[in-house]
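Below: query_30.tsv (TSV, C-alpha atoms and all ligand atoms)
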chain	number	residue	atom	x	y	z
A	1	MET	CA	46.23	56.97	233.00
A	2	ARG	CA	45.72	53.57	234.66
A	3	VAL	CA	42.11	52.49	235.28
A	4	VAL	CA	41.23	49.31	237.18
A	5	ASP	CA	37.66	48.01	237.42
A	6	VAL	CA	37.01	45.67	240.34
A	7	ASP	CA	33.73	43.75	240.51
A	8	GLY	CA	32.36	40.39	241.61
A	9	SER	CA	30.29	39.95	238.43
A	10	GLU	CA	32.01	38.52	235.36
A	11	THR	CA	29.05	39.68	233.25
A	12	LEU	CA	29.55	43.30	234.26
A	13	LEU	CA	33.31	43.07	233.79
A	14	ARG	CA	32.82	41.64	230.28
A	15	ALA	CA	30.51	44.54	229.40
A	16	VAL	CA	33.09	47.04	230.67
A	17	GLN	CA	35.89	45.34	228.74
A	18	GLN	CA	33.79	45.34	225.55
A	19	ARG	CA	33.05	49.03	225.94
A	20	LEU	CA	36.48	50.28	227.00
A	21	GLY	CA	38.87	47.67	225.59
A	22	ASP	CA	42.44	47.99	226.84
A	23	ARG	CA	41.76	51.40	228.41
A	24	VAL	CA	40.69	49.49	231.54
A	25	ALA	CA	42.14	46.52	233.44
A	26	VAL	CA	39.29	44.44	234.84
A	27	HIS	CA	39.72	42.43	238.02
A	28	HIS	CA	37.23	39.79	239.18
A	29	HIS	CA	37.26	40.05	242.96
A	30	ASP	CA	35.03	39.68	246.01
A	31	LEU	CA	35.04	43.04	247.80
A	32	GLU	CA	34.48	41.20	251.10
A	33	GLU	CA	38.21	40.40	250.78
A	34	PRO	CA	41.21	42.77	250.97
A	35	LEU	CA	42.41	44.48	247.78
A	36	ASP	CA	45.83	42.86	248.14
A	37	PHE	CA	46.49	42.98	244.36
A	38	LEU	CA	46.59	46.83	244.55
A	39	ALA	CA	49.65	48.65	245.91
A	40	ASP	CA	49.62	51.23	248.71
A	41	GLN	CA	48.95	54.83	247.62
A	42	SER	CA	48.74	53.92	243.92
A	43	PHE	CA	45.46	55.67	242.91
A	44	ASP	CA	44.26	59.29	242.75
A	45	LEU	CA	40.56	58.39	242.55
A	46	ALA	CA	38.28	55.55	243.64
A	47	VAL	CA	34.63	55.33	242.55
A	48	MET	CA	32.04	53.09	244.23
A	49	ALA	CA	28.72	53.48	242.41
A	50	LEU	CA	25.89	51.56	244.11
A	51	VAL	CA	28.24	48.92	245.50
A	52	TYR	CA	28.99	49.89	249.12
A	53	HIS	CA	25.56	48.91	250.49
A	54	HIS	CA	26.03	45.32	249.26
A	55	ILE	CA	29.13	44.74	251.38
A	56	ASP	CA	29.23	43.17	254.85
A	57	ALA	CA	32.94	43.87	255.55
A	58	ARG	CA	32.59	47.62	255.02
A	59	GLU	CA	35.12	48.68	257.63
A	60	GLN	CA	37.78	46.52	255.97
A	61	LEU	CA	36.82	47.84	252.51
A	62	LEU	CA	37.17	51.47	253.65
A	63	ASP	CA	40.56	50.71	255.24
A	64	GLU	CA	41.63	49.17	251.94
A	65	LEU	CA	40.40	52.13	249.88
A	66	ARG	CA	42.26	54.47	252.20
A	67	ARG	CA	45.41	52.37	251.81
A	68	VAL	CA	45.39	52.34	247.98
A	69	LEU	CA	44.53	56.06	247.61
A	70	ARG	CA	47.28	58.66	247.64
A	71	PRO	CA	47.05	61.44	250.25
A	72	GLY	CA	44.79	64.10	248.69
A	73	GLY	CA	43.06	61.44	246.57
A	74	SER	CA	39.28	61.34	246.14
A	75	LEU	CA	36.61	58.76	246.83
A	76	LEU	CA	33.23	59.09	245.07
A	77	VAL	CA	30.39	56.97	246.46
A	78	SER	CA	26.73	56.63	245.57
A	79	THR	CA	24.03	54.66	247.34
A	80	THR	CA	20.25	54.43	247.58
A	81	HIS	CA	18.86	57.37	249.52
A	82	PRO	CA	17.99	56.41	253.12
A	83	THR	CA	14.57	58.08	252.92
A	84	SER	CA	13.79	56.30	249.66
A	85	ASP	CA	14.60	52.95	251.32
A	86	TRP	CA	12.49	53.94	254.31
A	87	THR	CA	9.54	54.89	252.09
A	88	HIS	CA	9.88	51.69	250.10
A	89	PHE	CA	10.55	49.13	252.86
A	90	GLY	CA	8.71	50.82	255.76
A	91	GLY	CA	9.35	50.01	259.41
A	92	SER	CA	11.70	52.19	261.39
A	93	TYR	CA	13.89	54.74	259.59
A	94	PHE	CA	16.58	53.76	262.09
A	95	ALA	CA	16.62	50.06	261.14
A	96	ASP	CA	20.11	49.34	259.76
A	97	ASP	CA	19.16	45.98	258.27
A	98	ARG	CA	19.48	43.88	255.12
A	99	VAL	CA	16.60	44.29	252.68
A	100	GLU	CA	15.52	42.46	249.53
A	101	PHE	CA	14.44	44.33	246.43
A	102	PRO	CA	12.83	42.26	243.63
A	103	SER	CA	14.17	43.47	240.26
A	104	GLY	CA	11.59	42.44	237.67
A	105	ASP	CA	12.65	39.24	235.92
A	106	GLY	CA	16.21	39.43	237.30
A	107	PRO	CA	17.55	38.13	240.61
A	108	THR	CA	16.42	39.78	243.86
A	109	ILE	CA	18.78	42.57	244.87
A	110	ASN	CA	19.96	42.28	248.45
A	111	TYR	CA	21.59	45.13	250.35
A	112	TRP	CA	22.03	46.96	253.67
A	113	ARG	CA	19.78	49.95	254.19
A	114	MET	CA	21.42	52.52	256.41
A	115	THR	CA	20.49	55.77	258.04
A	116	LEU	CA	22.31	58.86	256.79
A	117	GLN	CA	24.17	58.94	260.10
A	118	THR	CA	25.38	55.33	259.70
A	119	PHE	CA	26.34	55.73	256.03
A	120	LEU	CA	28.22	59.00	256.39
A	121	GLY	CA	29.59	58.05	259.83
A	122	GLU	CA	31.31	54.95	258.42
A	123	PHE	CA	33.33	57.06	255.94
A	124	LEU	CA	34.19	59.72	258.52
A	125	GLY	CA	35.09	57.00	261.04
A	126	ALA	CA	37.49	55.49	258.49
A	127	GLY	CA	39.33	58.82	258.28
A	128	PHE	CA	37.87	60.25	255.06
A	129	VAL	CA	36.93	63.94	254.93
A	130	LEU	CA	33.55	64.93	253.44
A	131	GLU	CA	33.87	67.48	250.62
A	132	GLU	CA	30.40	67.31	249.09
A	133	LEU	CA	27.07	65.54	249.60
A	134	VAL	CA	24.54	65.48	246.75
A	135	GLU	CA	20.94	64.31	246.39
A	136	PRO	CA	20.64	64.13	242.60
A	137	ARG	CA	17.30	64.95	240.95
A	138	ALA	CA	15.98	64.06	237.55
A	139	THR	CA	17.05	66.59	234.90
A	140	GLU	CA	14.96	68.46	232.32
A	141	GLU	CA	16.24	66.03	229.67
A	142	ALA	CA	14.84	63.17	231.74
A	143	ARG	CA	11.44	64.90	231.86
A	144	LEU	CA	11.26	64.88	228.08
A	145	THR	CA	12.22	61.20	227.92
A	146	ASP	CA	9.94	59.85	230.67
A	147	PRO	CA	7.60	62.43	232.27
A	148	ARG	CA	6.01	60.03	234.78
A	149	ARG	CA	9.33	58.81	236.08
A	150	TYR	CA	10.58	62.41	236.10
A	151	ASP	CA	7.67	63.47	238.35
A	152	ARG	CA	8.46	60.66	240.76
A	153	THR	CA	12.22	61.13	240.93
A	154	HIS	CA	12.18	64.93	240.77
A	155	ALA	CA	9.99	65.20	243.87
A	156	ALA	CA	11.56	62.51	246.06
A	157	PRO	CA	15.24	61.66	246.58
A	158	THR	CA	16.38	58.34	245.14
A	159	PHE	CA	20.16	58.43	245.39
A	160	LEU	CA	22.76	59.94	247.64
A	161	GLY	CA	26.29	60.77	246.56
A	162	LEU	CA	29.43	61.68	248.51
A	163	ARG	CA	32.74	63.18	247.45
A	164	LEU	CA	35.35	62.44	250.10
A	165	CYS	CA	39.03	63.20	250.42
A	166	ARG	CA	41.70	60.83	251.70
A	167	PRO	CA	43.80	63.15	253.90
B	1	LIG	C1	23.81	47.93	241.41
B	1	LIG	S1	25.23	47.23	240.66
B	1	LIG	C2	26.18	48.69	240.29
B	1	LIG	C3	27.07	48.45	239.11
B	1	LIG	C4	27.87	49.68	238.65
B	1	LIG	N1	28.79	50.11	239.68
B	1	LIG	C5	26.97	50.78	238.21
B	1	LIG	O1	26.91	51.83	238.87
B	1	LIG	O2	26.28	50.64	237.19
B	1	LIG	C6	26.05	46.54	242.08
B	1	LIG	C7	27.41	45.99	241.75
B	1	LIG	O3	28.07	45.61	242.96
B	1	LIG	C8	28.79	44.42	242.71
B	1	LIG	N2	29.01	43.71	243.98
B	1	LIG	C9	28.11	43.48	244.96
B	1	LIG	N3	28.67	42.79	245.97
B	1	LIG	C10	29.97	42.58	245.60
B	1	LIG	C11	31.06	41.92	246.22
B	1	LIG	N4	30.96	41.32	247.40
B	1	LIG	N5	32.25	41.91	245.56
B	1	LIG	C12	32.37	42.51	244.35
B	1	LIG	N6	31.37	43.16	243.73
B	1	LIG	C13	30.18	43.19	244.34
B	1	LIG	C14	27.88	43.64	241.77
B	1	LIG	O4	28.59	42.65	241.07
B	1	LIG	C15	27.38	44.75	240.86
B	1	LIG	O5	28.22	44.98	239.77
Once you've parsed the file, please lay out its structure as structure tokens.
Ligand SMILES: C[S@@+](CC[C@H](N)C(=O)[O-])C[C@H]1O[C@@H](n2cnc3c(N)ncnc32)[C@H](O)[C@@H]1O
Amino acid sequence: MRVVDVDGSETLLRAVQQRLGDRVAVHHHDLEEPLDFLADQSFDLAVMALVYHHIDAREQLLDELRRVLRPGGSLLVSTTHPTSDWTHFGGSYFADDRVEFPSGDGPTINYWRMTLQTFLGEFLGAGFVLEELVEPRATEEARLTDPRRYDRTHAAPTFLGLRLCRP
């Protein structure tokens, strides 16, 4: 099996390489640019965990993911839940705008908040077919580890996940 990890952060890529060694090929790349180092229809699965909402050139990125996936291939995507962003940032639920999220001592995280219609519509508009939509909740194991956080994340959605098919 061939696994390629693409990210714009050398720190994250180093951590992946340390953990997985030569089971993964890491590629430092700005996802605002085409994936021209990957061949057409060369992957069965693409995973974008909490990355999509950082990207400006999302239409181009989806075209590229469609190009490198084989017909019948899968795309798994996760993002912040639109209602969680709305609760946190306020204003209009329908504001598709860039927001800034301070992350403790680290750098401020900057991303696009999107309505469910915008988020899902972009994937459907790019020709992907929705197979499953999930709103994950904290598990029982999480309750034992951190009850206060469990209460918060069990009662309100935090993330949204999609499983899509490239027809
Ligand atoms: C919230 S982290 C998620 C990391 C990892 N996927 C995970 O689930 O743990 C967001 C990731 O998106 C990457 N990223 C954001 N904008 C990017 C861009 N323009 N090109 C490449 N990677 C980008 C960051 O480097 C970072 O690794």
*asked:* With distances taken over only C-alpha atoms, which residue among A:Met114, A:Val77, A:Val68, A:Leu133 lies nearest Ser92 of chain A?
replied: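 So, comparing all the options, the nearest one is A:Met114.
Candidate residues A:Pro107, A:Ser78, A:Asp63, A:Gln117 were compared for distance to Tyr93 of chain A, and the nearest is A:Gln117, using all atoms listed in the file.
Non-sequential neighbours of segment 5-20 of chain A (distance at most 9 Å, separation of 4 or more positions within a chain, only C-alpha atoms) are Val24, Ala25, Val26, His27, His28, His29, Asp30 and Leu31 of chain A.
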*Hey, can you check how far atom CA of Ala155 of chain A sits from atom O5 of ligand LIG 1 (chain B)?*
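Interatomic distance here is 27.5 Å.
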*Show which residues sit within 9 Å of Phe119 of chain A, as a ChimeraX atom specification. Count all atoms listed in the file, and ignore same-chain residues fewer than 4 positions away.*
/A:53,82,113-115,123
*State, in Å with one decimal place, the distance from atom CA of Thr79 of chain A to atom O1 of ligand LIG 1 (chain B).*
9.4 Å
_My list of candidates is A:Arg23, A:Arg66, A:His81, A:Arg163. Which is closest to Glu132 of chain A when distances are computed with only C-alpha atoms?_
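Result for the nearest residue to Glu132 of chain A: A:Arg163.
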Padding 8 Å on every side, please: axis-aligned box over the listed atoms of ligand LIG 1 (chain B), centre and edge lengths to one decimal in Å, as lines of an AutoDock Vina configuration file.
center_x = 28.1
center_y = 46.6
center_z = 242.3
size_x = 24.6
size_y = 26.5
size_z = 26.2
_Which residue of A:Asp97, A:Asp40, A:Glu122, A:Asp22 approaches Leu61 of chain A most closely, using only C-alpha atoms_ = A:Glu122
*Provide the atom CA of Val47 of chain A to atom O1 of ligand LIG 1 (chain B) distance in Å, to one decimal place.*
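Straight-line distance from atom CA of Val47 of chain A to atom O1 of ligand LIG 1 (chain B) works out to 9.2 Å.
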*Among the residues A:Leu35, A:Ala156, A:Ala142, A:Ala49, the one that comes closest to Leu62 of chain A [using all atoms listed in the file]*: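 Of the candidates, the smallest distance to Leu62 of chain A is held by A:Leu35.
Proximity of A:Val4, A:Leu75, A:Ala46, A:Val51 to ligand LIG 1 (chain B), computed with only C-alpha atoms and all ligand atoms, is greatest for A:Val51.
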*Neighbourhood query: residues within 12 Å of (34.9, 53.5, 257.3), file coordinates, counting all atoms listed in the file; return as a VMD selection string.*
chain A and resid 52 57 to 67 75 118 to 129 164 166
Once you have the residues from the selection above, write them out as an mmCIF file, in the coordinates of the input, restricted to C-alpha atoms.
data_model
loop_
_atom_site.group_PDB
_atom_site.id
_atom_site.type_symbol
_atom_site.label_atom_id
_atom_site.label_comp_id
_atom_site.auth_asym_id
_atom_site.auth_seq_id
_atom_site.Cartn_x
_atom_site.Cartn_y
_atom_site.Cartn_z
ATOM 1 C CA TYR A 52 28.990 49.890 249.120
ATOM 2 C CA ALA A 57 32.940 43.870 255.550
ATOM 3 C CA ARG A 58 32.590 47.620 255.020
ATOM 4 C CA GLU A 59 35.120 48.680 257.630
ATOM 5 C CA GLN A 60 37.780 46.520 255.970
ATOM 6 C CA LEU A 61 36.820 47.840 252.510
ATOM 7 C CA LEU A 62 37.170 51.470 253.650
ATOM 8 C CA ASP A 63 40.560 50.710 255.240
ATOM 9 C CA GLU A 64 41.630 49.170 251.940
ATOM 10 C CA LEU A 65 40.400 52.130 249.880
ATOM 11 C CA ARG A 66 42.260 54.470 252.200
ATOM 12 C CA ARG A 67 45.410 52.370 251.810
ATOM 13 C CA LEU A 75 36.610 58.760 246.830
ATOM 14 C CA THR A 118 25.380 55.330 259.700
ATOM 15 C CA PHE A 119 26.340 55.730 256.030
ATOM 16 C CA LEU A 120 28.220 59.000 256.390
ATOM 17 C CA GLY A 121 29.590 58.050 259.830
ATOM 18 C CA GLU A 122 31.310 54.950 258.420
ATOM 19 C CA PHE A 123 33.330 57.060 255.940
ATOM 20 C CA LEU A 124 34.190 59.720 258.520
ATOM 21 C CA GLY A 125 35.090 57.000 261.040
ATOM 22 C CA ALA A 126 37.490 55.490 258.490
ATOM 23 C CA GLY A 127 39.330 58.820 258.280
ATOM 24 C CA PHE A 128 37.870 60.250 255.060
ATOM 25 C CA VAL A 129 36.930 63.940 254.930
ATOM 26 C CA LEU A 164 35.350 62.440 250.100
ATOM 27 C CA ARG A 166 41.700 60.830 251.700
#
